[in-house]
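Trainee: For reference, this is input.txt, and it has compact mmCIF, C-alpha atoms.
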# COMPACT_ATOMS: atom_id res chain seq x y z
CA MET A 1 -9.65 19.01 -45.87
CA ASP A 2 -9.95 21.29 -48.88
CA GLN A 3 -8.17 24.10 -47.07
CA VAL A 4 -5.25 25.96 -48.68
CA PHE A 5 -1.81 25.70 -47.09
CA TYR A 6 0.59 28.59 -47.60
CA THR A 7 3.66 27.03 -46.01
CA LEU A 8 5.10 23.54 -45.74
CA GLN A 9 4.99 24.03 -41.97
CA ASP A 10 1.21 24.49 -42.10
CA PHE A 11 0.79 21.47 -44.35
CA MET A 12 2.94 19.20 -42.18
CA THR A 13 1.33 20.37 -38.96
CA HIS A 14 -2.12 19.63 -40.34
CA THR A 15 -1.40 16.26 -41.99
CA GLU A 16 0.79 14.94 -39.18
CA SER A 17 -1.82 15.92 -36.57
CA VAL A 18 -4.56 14.06 -38.42
CA THR A 19 -2.26 11.06 -39.01
CA TYR A 20 -1.26 10.87 -35.33
CA LEU A 21 -4.93 10.83 -34.35
CA LEU A 22 -5.46 8.01 -36.86
CA VAL A 23 -2.51 6.10 -35.36
CA ILE A 24 -4.09 6.31 -31.90
CA ALA A 25 -7.45 5.21 -33.33
CA THR A 26 -5.70 2.32 -35.13
CA LEU A 27 -3.94 1.12 -31.97
CA ILE A 28 -7.23 1.08 -30.07
CA GLY A 29 -9.14 -0.35 -33.05
CA MET A 30 -6.66 -3.17 -33.69
CA THR A 31 -6.75 -4.16 -29.99
CA LEU A 32 -10.56 -4.27 -30.01
CA PHE A 33 -10.53 -6.15 -33.33
CA TRP A 34 -8.16 -8.75 -31.87
CA LEU A 35 -10.49 -9.22 -28.90
CA PHE A 36 -13.39 -9.65 -31.34
CA LEU A 37 -11.37 -12.09 -33.46
CA THR A 38 -10.34 -14.31 -30.55
CA GLY A 39 -13.53 -14.07 -28.53
CA GLY A 40 -15.77 -16.43 -30.48
CA LYS A 41 -16.82 -20.01 -29.89
CA LYS A 42 -14.24 -22.01 -27.92
CA GLU A 43 -12.72 -25.24 -29.25
CA ASP A 44 -14.86 -28.29 -28.60
CA MET B 1 9.33 -45.11 -59.49
CA ALA B 2 7.69 -45.24 -56.12
CA GLN B 3 4.21 -44.66 -57.47
CA VAL B 4 1.65 -44.39 -54.71
CA THR B 5 -2.01 -44.36 -55.66
CA THR B 6 -4.55 -43.49 -53.02
CA GLY B 7 -7.57 -43.12 -55.24
CA GLU B 8 -9.21 -43.68 -58.59
CA ARG B 9 -7.97 -42.43 -61.98
CA LYS B 10 -10.38 -40.33 -63.98
CA SER B 11 -11.15 -40.52 -67.68
CA ILE B 12 -9.18 -38.22 -69.97
CA PHE B 13 -12.40 -37.35 -71.84
CA SER B 14 -13.66 -34.68 -69.47
CA LEU B 15 -15.03 -31.17 -69.98
CA PHE B 16 -11.92 -29.67 -68.33
CA ASN B 17 -9.59 -31.56 -70.66
CA PHE B 18 -11.64 -30.44 -73.66
CA ILE B 19 -11.41 -26.78 -72.59
CA ALA B 20 -7.70 -27.23 -71.81
CA LEU B 21 -7.10 -28.59 -75.32
CA ILE B 22 -8.78 -25.56 -76.92
CA VAL B 23 -6.88 -23.11 -74.69
CA LEU B 24 -3.55 -24.84 -75.38
CA GLY B 25 -4.20 -24.82 -79.14
CA MET B 26 -5.08 -21.13 -79.07
CA GLY B 27 -2.06 -20.38 -76.86
CA ILE B 28 0.38 -22.14 -79.16
CA TYR B 29 -1.00 -20.22 -82.15
CA LEU B 30 -0.76 -16.88 -80.28
CA THR B 31 2.75 -17.76 -79.14
CA TYR B 32 3.69 -18.30 -82.77
CA LEU B 33 2.23 -14.88 -83.67
CA ARG B 34 4.01 -13.20 -80.75
CA PHE B 35 7.46 -14.56 -81.53
CA THR B 36 7.24 -14.17 -85.29
CA GLY B 37 5.40 -10.82 -85.50
CA GLY B 38 6.71 -9.14 -82.34
CA LEU B 39 4.77 -7.38 -79.59
CA ALA B 40 2.80 -5.18 -82.01
CA ALA B 41 1.27 -8.26 -83.67
CA VAL B 42 -0.58 -9.37 -80.55
CA THR B 43 -0.68 -6.48 -78.04
CA HIS B 44 -2.06 -2.98 -77.63
CA LEU B 45 1.13 -1.90 -75.85
CA SER B 46 2.62 1.47 -76.79
CA ASP B 47 5.29 3.91 -75.62
CA TYR B 48 2.66 5.47 -73.32
CA ASN B 49 1.62 2.07 -72.01
CA PRO B 50 4.61 -0.28 -72.09
CA TRP B 51 3.25 -2.34 -69.19
CA GLY B 52 -0.05 -4.02 -69.97
CA LEU B 53 -1.97 -7.10 -68.95
CA TRP B 54 1.05 -9.39 -68.93
CA ILE B 55 2.77 -7.24 -66.29
CA SER B 56 -0.33 -6.38 -64.24
CA PHE B 57 -1.83 -9.87 -64.20
CA ASP B 58 0.83 -12.44 -65.06
CA LEU B 59 3.65 -10.77 -63.15
CA LEU B 60 2.24 -8.53 -60.39
CA CYS B 61 -0.73 -10.79 -59.56
CA GLY B 62 1.28 -13.97 -60.23
CA VAL B 63 4.02 -13.03 -57.76
CA ALA B 64 1.54 -11.83 -55.10
CA LEU B 65 -0.67 -14.92 -55.39
CA ALA B 66 2.38 -17.19 -55.18
CA ALA B 67 3.24 -15.73 -51.76
CA GLY B 68 1.54 -18.65 -50.01
CA GLY B 69 4.87 -20.53 -50.20
CA TYR B 70 6.89 -18.23 -47.98
CA VAL B 71 3.93 -17.37 -45.72
CA THR B 72 3.16 -21.04 -44.96
CA SER B 73 6.73 -22.31 -44.71
CA SER B 74 7.73 -19.47 -42.36
CA ALA B 75 4.63 -20.09 -40.19
CA VAL B 76 5.48 -23.78 -39.89
CA TYR B 77 9.29 -23.89 -39.85
CA LEU B 78 10.22 -20.49 -38.37
CA PHE B 79 7.29 -19.81 -36.02
CA GLY B 80 6.78 -23.46 -35.09
CA MET B 81 3.10 -23.71 -36.05
CA LYS B 82 3.36 -27.41 -36.80
CA LYS B 83 -0.41 -27.90 -36.96
CA TYR B 84 -0.33 -26.25 -40.40
CA HIS B 85 2.32 -28.63 -41.73
CA SER B 86 0.06 -30.33 -44.25
CA ALA B 87 -0.43 -26.96 -45.99
CA VAL B 88 3.28 -26.52 -46.70
CA ARG B 89 3.72 -28.76 -49.73
CA PRO B 90 0.63 -27.57 -51.63
CA ALA B 91 1.61 -23.96 -50.84
CA ILE B 92 5.22 -24.47 -51.95
CA LEU B 93 4.02 -26.16 -55.14
CA THR B 94 1.60 -23.29 -55.88
CA GLY B 95 4.40 -20.81 -55.22
CA PHE B 96 6.89 -22.67 -57.40
CA LEU B 97 4.44 -22.96 -60.30
CA GLY B 98 3.41 -19.34 -59.83
CA TYR B 99 6.98 -18.06 -60.10
CA ALA B 100 7.80 -20.43 -62.96
CA LEU B 101 4.82 -19.05 -64.88
CA VAL B 102 5.86 -15.48 -64.06
CA PHE B 103 9.18 -16.30 -65.70
CA LEU B 104 7.37 -17.79 -68.70
CA ALA B 105 5.13 -14.72 -69.00
CA ILE B 106 8.00 -12.27 -68.84
CA ASN B 107 9.47 -13.96 -71.92
CA TYR B 108 6.35 -12.91 -73.83
CA ASP B 109 6.37 -9.39 -72.42
CA VAL B 110 9.92 -8.19 -72.96
CA GLY B 111 10.88 -7.18 -76.49
CA ARG B 112 14.04 -9.27 -76.58
CA PRO B 113 13.64 -12.17 -74.15
CA TRP B 114 17.01 -13.67 -75.00
CA ARG B 115 18.52 -10.70 -73.18
CA LEU B 116 16.82 -11.55 -69.88
CA PRO B 117 20.07 -12.90 -68.34
CA TYR B 118 21.96 -9.70 -69.26
CA PRO B 119 21.37 -7.96 -65.92
CA LEU B 120 22.85 -11.00 -64.19
CA VAL B 121 25.85 -11.75 -66.38
CA VAL B 122 26.57 -8.79 -68.67
CA GLN B 123 25.63 -5.50 -67.09
CA GLN B 124 24.48 -5.19 -63.48
CA GLY B 125 22.24 -2.15 -63.00
CA THR B 126 22.71 -2.23 -59.25
CA THR B 127 20.94 1.10 -58.73
CA SER B 128 17.79 -0.15 -60.47
CA VAL B 129 14.83 -1.51 -58.52
CA LEU B 130 14.04 -3.72 -61.50
CA PHE B 131 17.50 -5.29 -61.20
CA GLU B 132 16.74 -6.21 -57.58
CA VAL B 133 13.34 -7.62 -58.57
CA GLY B 134 14.91 -9.69 -61.36
CA LEU B 135 17.69 -10.99 -59.13
CA CYS B 136 15.30 -11.84 -56.27
CA VAL B 137 12.73 -13.54 -58.50
CA ALA B 138 15.43 -15.62 -60.24
CA THR B 139 16.96 -16.64 -56.89
CA TYR B 140 13.62 -17.30 -55.22
CA LEU B 141 12.47 -19.45 -58.13
CA THR B 142 15.59 -21.57 -57.55
CA VAL B 143 14.88 -21.70 -53.81
CA LEU B 144 11.27 -22.76 -54.45
CA PHE B 145 12.45 -25.44 -56.85
CA ILE B 146 14.75 -26.88 -54.15
CA GLU B 147 12.00 -26.56 -51.51
CA PHE B 148 9.61 -28.43 -53.80
CA SER B 149 12.14 -31.08 -54.83
CA PRO B 150 11.71 -33.49 -51.84
CA ALA B 151 8.23 -34.37 -53.15
CA ALA B 152 9.63 -35.11 -56.61
CA LEU B 153 12.58 -37.05 -55.15
CA GLU B 154 10.25 -39.16 -52.98
CA TRP B 155 8.20 -39.92 -56.09
CA LEU B 156 11.36 -40.86 -57.99
CA GLY B 157 12.58 -43.00 -55.08
CA LEU B 158 15.84 -41.05 -54.65
CA LYS B 159 16.08 -41.39 -50.89
CA LYS B 160 19.61 -40.04 -50.33
CA ALA B 161 19.07 -36.90 -52.39
CA ARG B 162 15.71 -36.33 -50.70
CA ASN B 163 17.19 -36.62 -47.20
CA LEU B 164 19.96 -34.20 -48.14
CA VAL B 165 17.51 -31.56 -49.40
CA VAL B 166 15.22 -31.94 -46.37
CA LYS B 167 18.18 -30.99 -44.14
CA LEU B 168 18.25 -27.60 -45.90
CA THR B 169 14.62 -26.81 -45.02
CA ILE B 170 15.25 -24.09 -42.41
CA LEU B 171 17.96 -22.42 -44.51
CA LEU B 172 15.70 -22.40 -47.58
CA THR B 173 12.78 -21.03 -45.57
CA ILE B 174 14.92 -18.14 -44.29
CA PHE B 175 16.11 -17.47 -47.85
CA GLY B 176 12.50 -17.55 -49.00
CA VAL B 177 11.34 -14.99 -46.43
CA VAL B 178 14.26 -12.62 -47.06
CA LEU B 179 13.96 -12.78 -50.85
CA SER B 180 10.16 -12.46 -50.78
CA THR B 181 10.27 -9.47 -48.43
CA MET B 182 12.69 -7.81 -50.82
CA HIS B 183 11.03 -8.39 -54.16
CA GLN B 184 7.36 -8.28 -53.09
CA SER B 185 7.95 -4.76 -51.78
CA SER B 186 10.22 -3.82 -54.69
CA LEU B 187 7.45 -4.59 -57.16
CA GLY B 188 5.63 -1.70 -55.49
CA SER B 189 8.82 0.40 -55.50
CA LEU B 190 8.81 0.20 -59.31
CA PHE B 191 5.94 2.71 -59.24
CA LEU B 192 7.80 5.20 -57.04
CA ILE B 193 9.41 6.52 -60.20
CA ALA B 194 6.03 7.54 -61.65
CA PRO B 195 4.34 9.95 -59.22
CA SER B 196 2.95 12.01 -62.08
CA LYS B 197 1.52 8.99 -63.90
CA LEU B 198 -0.11 7.07 -61.08
CA HIS B 199 -3.26 8.56 -59.54
CA PRO B 200 -2.49 10.19 -56.15
CA LEU B 201 -4.87 7.87 -54.31
CA TRP B 202 -2.84 4.83 -55.40
CA TYR B 203 0.55 6.50 -55.48
CA SER B 204 2.19 6.70 -52.09
CA PRO B 205 5.73 6.75 -50.72
CA TYR B 206 4.55 3.72 -48.75
CA ILE B 207 3.60 1.70 -51.85
CA PRO B 208 6.41 -0.89 -51.24
CA ILE B 209 4.89 -1.57 -47.82
CA TYR B 210 1.41 -1.85 -49.34
CA PHE B 211 2.66 -4.38 -51.89
CA PHE B 212 4.42 -6.44 -49.24
CA VAL B 213 1.44 -6.50 -46.86
CA THR B 214 -0.98 -7.37 -49.68
CA SER B 215 1.33 -10.24 -50.66
CA ILE B 216 0.85 -11.70 -47.15
CA ILE B 217 -2.94 -11.30 -47.54
CA ALA B 218 -2.76 -12.95 -50.98
CA GLY B 219 -0.57 -15.78 -49.65
CA LEU B 220 -2.87 -16.56 -46.70
CA SER B 221 -6.03 -16.33 -48.82
CA MET B 222 -4.56 -18.40 -51.67
CA VAL B 223 -3.67 -21.22 -49.26
CA ILE B 224 -7.32 -21.32 -48.09
CA PHE B 225 -8.66 -21.03 -51.66
CA GLU B 226 -6.26 -23.59 -53.11
CA SER B 227 -6.92 -26.00 -50.23
CA THR B 228 -10.68 -25.69 -50.93
CA LEU B 229 -10.18 -26.51 -54.61
CA SER B 230 -7.81 -29.38 -53.79
CA HIS B 231 -10.44 -30.88 -51.47
CA ARG B 232 -13.07 -30.53 -54.17
CA PHE B 233 -11.08 -31.98 -57.07
CA PHE B 234 -8.26 -34.03 -55.51
CA GLY B 235 -9.90 -35.05 -52.23
CA TYR B 236 -9.41 -38.70 -53.20
CA LYS B 237 -5.63 -38.15 -53.06
CA MET B 238 -5.63 -36.78 -49.50
CA ASP B 239 -4.62 -38.86 -46.53
CA GLU B 240 -6.23 -38.74 -43.09
CA THR B 241 -3.76 -36.14 -41.72
CA HIS B 242 -4.52 -33.68 -44.51
CA ARG B 243 -8.26 -34.09 -44.06
CA LYS B 244 -8.01 -33.65 -40.27
CA GLU B 245 -5.81 -30.55 -40.45
CA ALA B 246 -7.86 -28.84 -43.16
CA ASN B 247 -10.26 -27.09 -40.76
CA ASP B 248 -7.43 -25.88 -38.49
CA ILE B 249 -5.64 -24.45 -41.53
CA THR B 250 -8.77 -22.65 -42.75
CA LEU B 251 -9.52 -21.16 -39.32
CA GLY B 252 -5.89 -20.29 -38.51
CA PHE B 253 -5.12 -18.70 -41.87
CA GLY B 254 -8.51 -16.95 -41.85
CA LYS B 255 -7.71 -15.40 -38.48
CA ALA B 256 -4.30 -14.22 -39.67
CA ALA B 257 -5.76 -12.83 -42.91
CA ALA B 258 -8.49 -10.93 -41.00
CA TYR B 259 -5.90 -9.21 -38.84
CA VAL B 260 -3.46 -8.42 -41.66
CA LEU B 261 -6.34 -7.02 -43.76
CA ALA B 262 -7.38 -4.79 -40.84
CA GLY B 263 -3.80 -3.53 -40.50
CA TYR B 264 -3.60 -2.94 -44.26
CA PHE B 265 -6.85 -0.95 -44.15
CA ALA B 266 -5.39 1.22 -41.39
CA ILE B 267 -2.10 1.97 -43.17
CA LYS B 268 -3.97 2.77 -46.41
CA VAL B 269 -6.08 5.36 -44.57
CA MET B 270 -2.95 6.76 -42.94
CA GLY B 271 -1.38 6.98 -46.39
CA ILE B 272 -4.24 9.20 -47.62
CA SER B 273 -3.98 11.28 -44.48
CA SER B 274 -0.21 11.83 -44.62
CA SER B 275 -0.49 13.05 -48.24
CA ASN B 276 -3.72 14.95 -47.49
CA HIS B 277 -5.47 13.40 -50.47
CA TRP B 278 -8.93 13.27 -48.90
CA HIS B 279 -10.44 15.55 -51.54
CA TYR B 280 -9.74 12.98 -54.28
CA LEU B 281 -12.23 10.65 -52.60
CA LYS B 282 -15.07 12.84 -53.91
CA THR B 283 -14.08 12.17 -57.56
CA GLY B 284 -14.88 9.19 -59.80
CA TYR B 285 -11.46 7.68 -59.12
CA GLY B 286 -12.17 8.22 -55.41
CA ALA B 287 -15.36 6.19 -55.68
CA TRP B 288 -13.43 3.38 -57.38
CA TYR B 289 -10.74 3.61 -54.69
CA LEU B 290 -13.43 3.26 -52.00
CA VAL B 291 -14.83 0.20 -53.80
CA GLU B 292 -11.37 -1.38 -53.53
CA LEU B 293 -10.75 -0.26 -49.95
CA LEU B 294 -14.17 -0.99 -48.47
CA GLY B 295 -15.37 -3.84 -50.70
CA PHE B 296 -12.13 -5.79 -51.06
CA VAL B 297 -10.18 -4.91 -47.89
CA ALA B 298 -12.56 -3.92 -45.06
CA LEU B 299 -15.34 -6.34 -46.05
CA PRO B 300 -13.16 -9.49 -46.30
CA SER B 301 -11.48 -8.54 -43.02
CA ILE B 302 -14.85 -8.40 -41.26
CA LEU B 303 -16.15 -11.56 -43.00
CA TYR B 304 -12.97 -13.47 -42.09
CA ALA B 305 -13.34 -12.32 -38.47
CA ILE B 306 -16.99 -13.38 -38.30
CA GLY B 307 -16.09 -16.71 -39.93
CA VAL B 308 -13.35 -17.31 -37.34
CA ARG B 309 -15.61 -16.30 -34.43
CA VAL B 310 -18.47 -18.59 -35.38
CA LYS B 311 -16.07 -21.27 -36.74
CA SER B 312 -17.68 -21.16 -40.18
CA THR B 313 -15.14 -22.63 -42.60
CA GLY B 314 -17.61 -22.11 -45.47
CA LEU B 315 -17.71 -18.35 -44.87
CA ILE B 316 -13.91 -18.20 -44.60
CA LYS B 317 -13.50 -20.12 -47.87
CA TRP B 318 -15.84 -17.76 -49.75
CA THR B 319 -14.12 -14.78 -48.17
CA SER B 320 -10.76 -16.03 -49.43
CA VAL B 321 -12.11 -15.66 -52.98
CA LEU B 322 -13.07 -12.05 -52.22
CA ALA B 323 -9.65 -11.33 -50.71
CA VAL B 324 -7.81 -12.86 -53.69
CA LEU B 325 -9.97 -10.80 -56.06
CA GLY B 326 -9.13 -7.75 -53.95
CA VAL B 327 -5.39 -8.25 -54.43
CA ILE B 328 -5.89 -8.78 -58.18
CA LEU B 329 -8.04 -5.61 -58.33
CA ASN B 330 -5.34 -3.68 -56.48
CA ARG B 331 -2.63 -4.74 -58.93
CA PHE B 332 -4.90 -3.92 -61.90
CA ASN B 333 -5.70 -0.52 -60.40
CA VAL B 334 -2.06 0.36 -59.78
CA CYS B 335 -0.75 -0.91 -63.10
CA LEU B 336 -3.65 -0.22 -65.47
CA VAL B 337 -6.69 1.70 -64.20
CA ALA B 338 -4.99 4.45 -62.19
CA PHE B 339 -1.83 4.49 -64.32
CA ASN B 340 -1.67 7.22 -66.98
CA TRP B 341 -4.97 8.48 -65.53
CA GLN B 342 -4.46 11.93 -67.04
CA LEU B 343 -4.11 10.69 -70.63
CA PRO B 344 -7.07 11.27 -72.98
CA PRO B 345 -9.33 8.20 -73.32
CA ASN B 346 -8.09 7.35 -76.84
CA GLU B 347 -4.52 7.06 -75.50
CA ARG B 348 -5.50 4.78 -72.63
CA TYR B 349 -4.60 1.09 -72.75
CA PHE B 350 -6.99 -1.81 -72.99
CA PRO B 351 -5.58 -5.28 -73.67
CA SER B 352 -6.22 -7.00 -76.99
CA TRP B 353 -8.02 -10.35 -76.96
CA MET B 354 -4.69 -11.99 -77.85
CA GLU B 355 -3.03 -10.63 -74.70
CA ILE B 356 -5.92 -12.03 -72.67
CA GLY B 357 -5.58 -15.30 -74.62
CA ILE B 358 -1.88 -15.63 -73.73
CA SER B 359 -2.67 -14.95 -70.06
CA VAL B 360 -5.40 -17.62 -70.06
CA PHE B 361 -2.95 -19.99 -71.83
CA ILE B 362 -0.34 -19.44 -69.10
CA VAL B 363 -2.89 -19.97 -66.30
CA MET B 364 -4.01 -23.18 -68.04
CA ILE B 365 -0.41 -24.45 -68.18
CA GLY B 366 -0.25 -23.83 -64.41
CA LEU B 367 -3.47 -25.75 -63.77
CA LEU B 368 -2.33 -28.70 -65.89
CA LEU B 369 1.09 -28.83 -64.21
CA TYR B 370 -0.54 -28.63 -60.78
CA ARG B 371 -2.86 -31.50 -61.68
CA PHE B 372 -0.01 -33.55 -63.14
CA ILE B 373 2.07 -33.12 -59.99
CA VAL B 374 -0.58 -33.64 -57.28
CA THR B 375 -1.94 -36.75 -58.94
CA ARG B 376 1.53 -38.31 -58.96
CA MET B 377 3.72 -36.88 -56.22
CA PRO B 378 3.15 -36.86 -52.45
CA ILE B 379 1.76 -33.34 -52.16
CA LEU B 380 -1.64 -33.97 -50.60
CA TYR B 381 -0.56 -37.06 -48.70
CA GLU B 382 2.56 -38.29 -46.92
CA HIS B 383 4.64 -40.85 -48.77
CA PRO B 384 4.37 -44.13 -46.79
CA GLU B 385 8.17 -44.42 -46.53
CA TYR B 386 8.52 -40.96 -44.97
CA LYS B 387 5.54 -40.76 -42.63
CA GLY B 388 6.22 -38.13 -39.94
CA ALA B 389 9.78 -37.64 -41.23
CA HIS B 390 9.58 -33.86 -41.72
Please rewrite the model in this file as structure tokens.

Mentor:
Amino acid sequence: MDQVFYTLQDFMTHTESVTYLLVIATLIGMTLFWLFLTGGKKED
Amino acid sequence: MAQVTTGERKSIFSLFNFIALIVLGMGIYLTYLRFTGGLAAVTHLSDYNPWGLWISFDLLCGVALAAGGYVTSSAVYLFGMKKYHSAVRPAILTGFLGYALVFLAINYDVGRPWRLPYPLVVQQGTTSVLFEVGLCVATYLTVLFIEFSPAALEWLGLKKARNLVVKLTILLTIFGVVLSTMHQSSLGSLFLIAPSKLHPLWYSPYIPIYFFVTSIIAGLSMVIFESTLSHRFFGYKMDETHRKEANDITLGFGKAAAYVLAGYFAIKVMGISSSNHWHYLKTGYGAWYLVELLGFVALPSILYAIGVRVKSTGLIKWTSVLAVLGVILNRFNVCLVAFNWQLPPNERYFPSWMEIGISVFIVMIGLLLYRFIVTRMPILYEHPEYKGAH
């Protein structure tokens, strides 16, 4: 994270790679969170 | 007038009225100082810090917290969630008063308030984000006034005018959503011009999206919070429908807020990642940023979710306070704490007590107007002549 980037290419490759991984984690996380949110006590 | 009373009248000699009297007296005096002595007489504003408490709290927080109007009316009239119908009028009223008070506050904040209509009628700065904000806020305030007017017209007994306005409901709701989407995000866009002044953790090319998403969170949470206060203080005005629907509204809005907060948390983390600003998290500002992100975004999201799962309306109501405070903290951080972060401490801005006094005065006007309206007009109950006619 504290690494030095010498070219814009290096910077973009690094940040976009990390962001894409976060996007995948978000898609999975939001699905699981929705299941958690809707899985509680049923209406009486 | 078609006065409908569904409960008792309270004495005017109450603690709240006593405090209100003091605040109003102080506010009138400070208003006199402001408009006779200028901004320097009452504020700590300077060329370095031209936007102070009145912009960060009265305007940025005021607009965000008034978002309940468009959030609720679009849920009910555009997405067909009729079970939340009883929340529409209180939310529209809160939104209308919120925007009206934003307009009042901006008159204190700008150096020459009589020139406020200039961008509309003299010189259109169509390339300016602030022009778009001004135009949208002015138009949306008008839309909110018309959306609110059926309650006033029912109270006044003007049946024909009321029926005419009610026919415009869908059109006004669409206007409300479009205008809110535009100016809620544009309030964030105002900071795009200051990448060197705003701390990198708060500055982002995505800041308009952050502002828009937080306005939805603020709107949903404010409806829950305001409904809780209305039950506590104006419960005697509520009819059976409002009481019955209250739990559904709390659970439904709590569920929506939990999910939007989770999404907001995710896009904030992605924002840090795409700018590669992770290293700032190790600094003092980073710690403060984490307090905002974990304590006022992640935590309310989880608490809302737990509240919805176990059907605990009490937990959801308390969480709404945390979420509202989170949005206020975010606006303060963007506009005050993280703004001009590189200036030496003696050049940093801290509001004078008179600026705080004016802000308290404006909030008090809002509370008194809200009380005046809900104790007279059919906001928390359906007018007997129009039962089910929405």

Trainee: Work out how far apart atom CA of Tyr118 of chain B and atom CA of Val137 of chain B are and give it in Å to one decimal.

Mentor: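 Atom CA of Tyr118 of chain B sits 14.7 Å away from atom CA of Val137 of chain B.
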
Trainee: Go through chain A and flag each residue having an atom no more than 10 Å from chain B; for those, report the closest pair of atoms plus their distance in Å to one decimal, using only C-alpha atoms, ordered by chain and rising number, as a tab-separated table.

Mentor:
residue	atom	partner	partner_atom	distance
A:Met1	CA	B:Trp278	CA	6.5
A:Asp2	CA	B:His279	CA	6.3
A:Gln3	CA	B:His279	CA	9.9
A:Phe11	CA	B:Asn276	CA	8.5
A:Met12	CA	B:Ser274	CA	8.4
A:His14	CA	B:Asn276	CA	8.7
A:Thr15	CA	B:Ser274	CA	5.3
A:Glu16	CA	B:Ser274	CA	6.3
A:Ser17	CA	B:Ser274	CA	9.2
A:Val18	CA	B:Ser273	CA	6.7
A:Thr19	CA	B:Ser273	CA	5.7
A:Tyr20	CA	B:Met270	CA	8.8
A:Leu21	CA	B:Met270	CA	9.7
A:Leu22	CA	B:Met270	CA	6.7
A:Val23	CA	B:Met270	CA	7.6
A:Ala25	CA	B:Ala266	CA	9.2
A:Thr26	CA	B:Ala266	CA	6.4
A:Leu27	CA	B:Ala266	CA	9.5
A:Gly29	CA	B:Ala262	CA	9.1
A:Met30	CA	B:Ala262	CA	7.4
A:Phe33	CA	B:Tyr259	CA	7.8
A:Trp34	CA	B:Tyr259	CA	7.3
A:Phe36	CA	B:Ala305	CA	7.6
A:Leu37	CA	B:Ala305	CA	5.4
A:Thr38	CA	B:Arg309	CA	6.8
A:Gly39	CA	B:Arg309	CA	6.6
A:Gly40	CA	B:Arg309	CA	4.0
A:Lys41	CA	B:Val310	CA	5.9
A:Lys42	CA	B:Arg309	CA	8.8
A:Glu43	CA	B:Lys311	CA	9.1

Trainee: Would you put the residues from that selection into a file with C-alpha atoms, as a short mmCIF file (atom, residue, chain, number, x, y, z; two decimals), in the frame of the given file?

Mentor:
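Result saved to out_22.cif:
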data_model
loop_
_atom_site.label_atom_id
_atom_site.label_comp_id
_atom_site.auth_asym_id
_atom_site.auth_seq_id
_atom_site.Cartn_x
_atom_site.Cartn_y
_atom_site.Cartn_z
CA MET A 1 -9.65 19.01 -45.87
CA ASP A 2 -9.95 21.29 -48.88
CA GLN A 3 -8.17 24.10 -47.07
CA PHE A 11 0.79 21.47 -44.35
CA MET A 12 2.94 19.20 -42.18
CA HIS A 14 -2.12 19.63 -40.34
CA THR A 15 -1.40 16.26 -41.99
CA GLU A 16 0.79 14.94 -39.18
CA SER A 17 -1.82 15.92 -36.57
CA VAL A 18 -4.56 14.06 -38.42
CA THR A 19 -2.26 11.06 -39.01
CA TYR A 20 -1.26 10.87 -35.33
CA LEU A 21 -4.93 10.83 -34.35
CA LEU A 22 -5.46 8.01 -36.86
CA VAL A 23 -2.51 6.10 -35.36
CA ALA A 25 -7.45 5.21 -33.33
CA THR A 26 -5.70 2.32 -35.13
CA LEU A 27 -3.94 1.12 -31.97
CA GLY A 29 -9.14 -0.35 -33.05
CA MET A 30 -6.66 -3.17 -33.69
CA PHE A 33 -10.53 -6.15 -33.33
CA TRP A 34 -8.16 -8.75 -31.87
CA PHE A 36 -13.39 -9.65 -31.34
CA LEU A 37 -11.37 -12.09 -33.46
CA THR A 38 -10.34 -14.31 -30.55
CA GLY A 39 -13.53 -14.07 -28.53
CA GLY A 40 -15.77 -16.43 -30.48
CA LYS A 41 -16.82 -20.01 -29.89
CA LYS A 42 -14.24 -22.01 -27.92
CA GLU A 43 -12.72 -25.24 -29.25
#

Trainee: Mind pulling up the distance from atom CA of Tyr84 of chain B to atom CA of Leu251 of chain B?

Mentor: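 According to the coordinates, atom CA of Leu251 of chain B and atom CA of Tyr84 of chain B are separated by 10.6 Å.
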
Trainee: From (6.8, -8.1, -56.4), in the file's coordinates, out to 9 Å: which residues are reached, counting all atoms listed in the file? Answer as a PyMOL selection string.

Mentor: chain B and resi 59-64+133+137+180-189+208+211-212+215

Trainee: Neighbours of segment 175-179 of chain B within 9 Å (only C-alpha atoms; same-chain residues fewer than 3 positions away dropped), as a ChimeraX atom specification?

Mentor: /B:69-71,73-74,136-137,139-140,143-144,170-172,182-184

Trainee: Atom CA of Phe339 of chain B and atom CA of Trp51 of chain B, how far apart in Å?

Mentor: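 Computing the Euclidean distance for atom CA of Trp51 of chain B and atom CA of Phe339 of chain B yields 9.8 Å.
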
Trainee: Can you tell me, as a count of residues only, what residues are no more than 10 Å from Cys335 of chain B when counting all atoms listed in the file, ignoring any on the same chain fewer than 6 positions away?

Mentor: 13

Trainee: Using all atoms listed in the file, find the one residue out of B:Leu45, B:Val23, B:Leu104, B:Leu141 that sits nearest to Ala67 of chain B.

Mentor: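 Answer, going by the shortest atom-to-atom distance: B:Leu141.
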
Trainee: Measuring atom to atom with all atoms listed in the file, identify which of B:His242, B:His383, B:Phe148, B:Phe350 is nearest to Thr173 of chain B.

Mentor: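 The closest residue to Thr173 of chain B is B:Phe148.
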
Trainee: Quick one: of B:Gly157, B:Pro300, B:Gly235, B:Gly314, who's nearest to Leu380 of chain B, counting only C-alpha atoms?

Mentor: B:Gly235

Trainee: Nearest to Gly27 of chain B among B:Ile365, B:Leu65, B:Thr319, B:Ile106, with distances taken over all atoms listed in the file: which residue is it?

Mentor: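 Of B:Ile365, B:Leu65, B:Thr319, B:Ile106, the one nearest Gly27 of chain B, counting all atoms listed in the file, is B:Ile365.
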